[in-house]
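Chemist: Could you have a look at this structure, given as structure tokens, before my questions?
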Amino acid sequence: MSQIDYDSIEKLNEDLERRLEEHRRERIAQGKPAEKPEFIPIPYGVILLERIEPVREFLVKYALLINQSKRVPAFDLSTLDKYRPDLELLQAVKGVMTGASGALMRQMLEVIEKSQKKVAKGFEAEEEVAAELSKSLYLRLQLLDKRVRVSDEHYWINMDYNYYKDNPELDRDKLEYERLKANPDELEKGLADYRVQFESRRDEF
């Protein structure tokens with residue numbers, strides 16, 4: 001997994017854009033807004049991403065294991081269930097990067113579950129399922145890495161503030177992030193309020 005297949009990544013990006021446009025049309029046809037609602041501030045989104053970092057680490061290790069063994073490891077994904085509420089809540093975070101990162105991780109978990117079921121049913125050779133799964137995870141991990149480090153004006157990670165030193169909005173977000181980290185009770189109360197709002201608007205997602 002050391003060599004990056006930029007052509008495949010570009011094709012996946014184009015495919016994602018096409019699917020997004022199709023998804024917008026489907027949402028409108030269902031009576032939903034073309035875009036999902038975004039109401040959670042970026043500082044909360046960055047904290048959510050930090051909290052689900054173990055999921056990203058698992059996905060990287062799982063992909064490496066598939067690549068080395070040419071098999072689909074029988075890992076019980078229910079052990080990651082405690083992170084799923086935060087992954088789900090990322091859908092409502094303002095800005096493209098945070099939401100995309102959460103979506104990519106959710107997609108990878110779904111692909112792993114489907115692949116494990118294929119192997120369990122025995123309708124396809126495990127080596128073939130493993131090869132397909134490895135490629136799917138690899139491409140999404142490359143996109144995830146890109147989204148974690150390439151930031152828009154409202155999003156940052158690894159606290160690379162110098163890039164945004166002339167952006168007053170980001171400075172405000174940075175201070176709010178630090179304030180929330182220093183006040184865990186307020187953070188949890190805020191997240192609980194956003195979860196209630198998310199549940200009340202779940203049919204819009």
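By convention here, the chains of the structure tokens are called A, B, ... in the order presented, each chain's residues are numbered starting at 1, and ligands are numbered starting at 1 in the order presented.
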Which residues, written as a list in words, have at least one atom at most 6 Å from Ser101 of chain A, with only C-alpha atoms counted and residues fewer than 3 positions away on the same chain left out?
Modeler: Thr98, Leu104 and Leu144 of chain A
Chemist: Can you pull out the residues contacting segment 81-84 of chain A? Cut-off 10 Å, using only C-alpha atoms, and skip same-chain residues under 6 positions away; I want them as a ChimeraX atom specification.
Modeler: /A:48,51-55,90,102,105-106
Chemist: What's the 7 Å shell around Gln116 of chain A, counting only C-alpha atoms, without same-chain residues fewer than 3 positions away, as a PyMOL selection string?
Modeler: chain A and resi 72+74+112-113+119-120
Chemist: Would you save the residues of that selection, restricted to all heavy atoms, as an mmCIF file, in the first residue's frame?
Modeler:
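Heads up, here's the output in part.cif:
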data_model
loop_
_atom_site.group_PDB
_atom_site.id
_atom_site.type_symbol
_atom_site.label_atom_id
_atom_site.label_comp_id
_atom_site.auth_asym_id
_atom_site.auth_seq_id
_atom_site.Cartn_x
_atom_site.Cartn_y
_atom_site.Cartn_z
ATOM 1 N N VAL A 72 -10.246 -12.210 4.296
ATOM 2 C CA VAL A 72 -11.122 -11.228 4.944
ATOM 3 C C VAL A 72 -11.149 -11.569 6.434
ATOM 4 O O VAL A 72 -11.821 -12.523 6.839
ATOM 5 C CB VAL A 72 -12.551 -11.266 4.362
ATOM 6 C CG1 VAL A 72 -13.439 -10.257 5.090
ATOM 7 C CG2 VAL A 72 -12.522 -10.968 2.867
ATOM 8 N N ALA A 74 -11.987 -12.170 10.149
ATOM 9 C CA ALA A 74 -13.285 -12.294 10.828
ATOM 10 C C ALA A 74 -13.259 -11.477 12.116
ATOM 11 O O ALA A 74 -13.124 -12.017 13.213
ATOM 12 C CB ALA A 74 -13.579 -13.754 11.121
ATOM 13 N N ILE A 112 -16.924 -3.638 4.790
ATOM 14 C CA ILE A 112 -16.343 -4.768 5.520
ATOM 15 C C ILE A 112 -17.435 -5.750 5.930
ATOM 16 O O ILE A 112 -17.295 -6.970 5.766
ATOM 17 C CB ILE A 112 -15.571 -4.279 6.758
ATOM 18 C CG1 ILE A 112 -14.309 -3.520 6.328
ATOM 19 C CG2 ILE A 112 -15.186 -5.464 7.651
ATOM 20 C CD1 ILE A 112 -13.575 -2.839 7.473
ATOM 21 N N GLU A 113 -18.538 -5.230 6.464
ATOM 22 C CA GLU A 113 -19.652 -6.089 6.880
ATOM 23 C C GLU A 113 -20.189 -6.900 5.708
ATOM 24 O O GLU A 113 -20.427 -8.112 5.839
ATOM 25 C CB GLU A 113 -20.771 -5.235 7.479
ATOM 26 C CG GLU A 113 -20.427 -4.644 8.839
ATOM 27 C CD GLU A 113 -21.492 -3.696 9.359
ATOM 28 O OE1 GLU A 113 -22.280 -3.172 8.530
ATOM 29 O OE2 GLU A 113 -21.543 -3.472 10.569
ATOM 30 N N VAL A 119 -18.237 -13.893 2.393
ATOM 31 C CA VAL A 119 -17.341 -15.008 2.713
ATOM 32 C C VAL A 119 -18.094 -16.072 3.505
ATOM 33 O O VAL A 119 -17.942 -17.273 3.267
ATOM 34 C CB VAL A 119 -16.121 -14.503 3.513
ATOM 35 C CG1 VAL A 119 -15.294 -15.680 4.036
ATOM 36 C CG2 VAL A 119 -15.258 -13.595 2.639
ATOM 37 N N ALA A 120 -18.919 -15.632 4.459
ATOM 38 C CA ALA A 120 -19.672 -16.582 5.291
ATOM 39 C C ALA A 120 -20.628 -17.421 4.455
ATOM 40 O O ALA A 120 -20.828 -18.610 4.725
ATOM 41 C CB ALA A 120 -20.439 -15.819 6.375
#
Chemist: Kindly give the distance, in Å, that separates atom CA of Lys70 of chain A and atom CA of Ala130 of chain A, rounded to a single decimal.
Modeler: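 Spanning atom CA of Lys70 of chain A to atom CA of Ala130 of chain A is a straight-line distance of 5.8 Å.
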Chemist: Would you mind reading off the distance between atom CA of Leu191 of chain A and atom CA of Leu80 of chain A, one decimal, in Å?
Modeler: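 Atom CA of Leu191 of chain A sits 19.4 Å away from atom CA of Leu80 of chain A.
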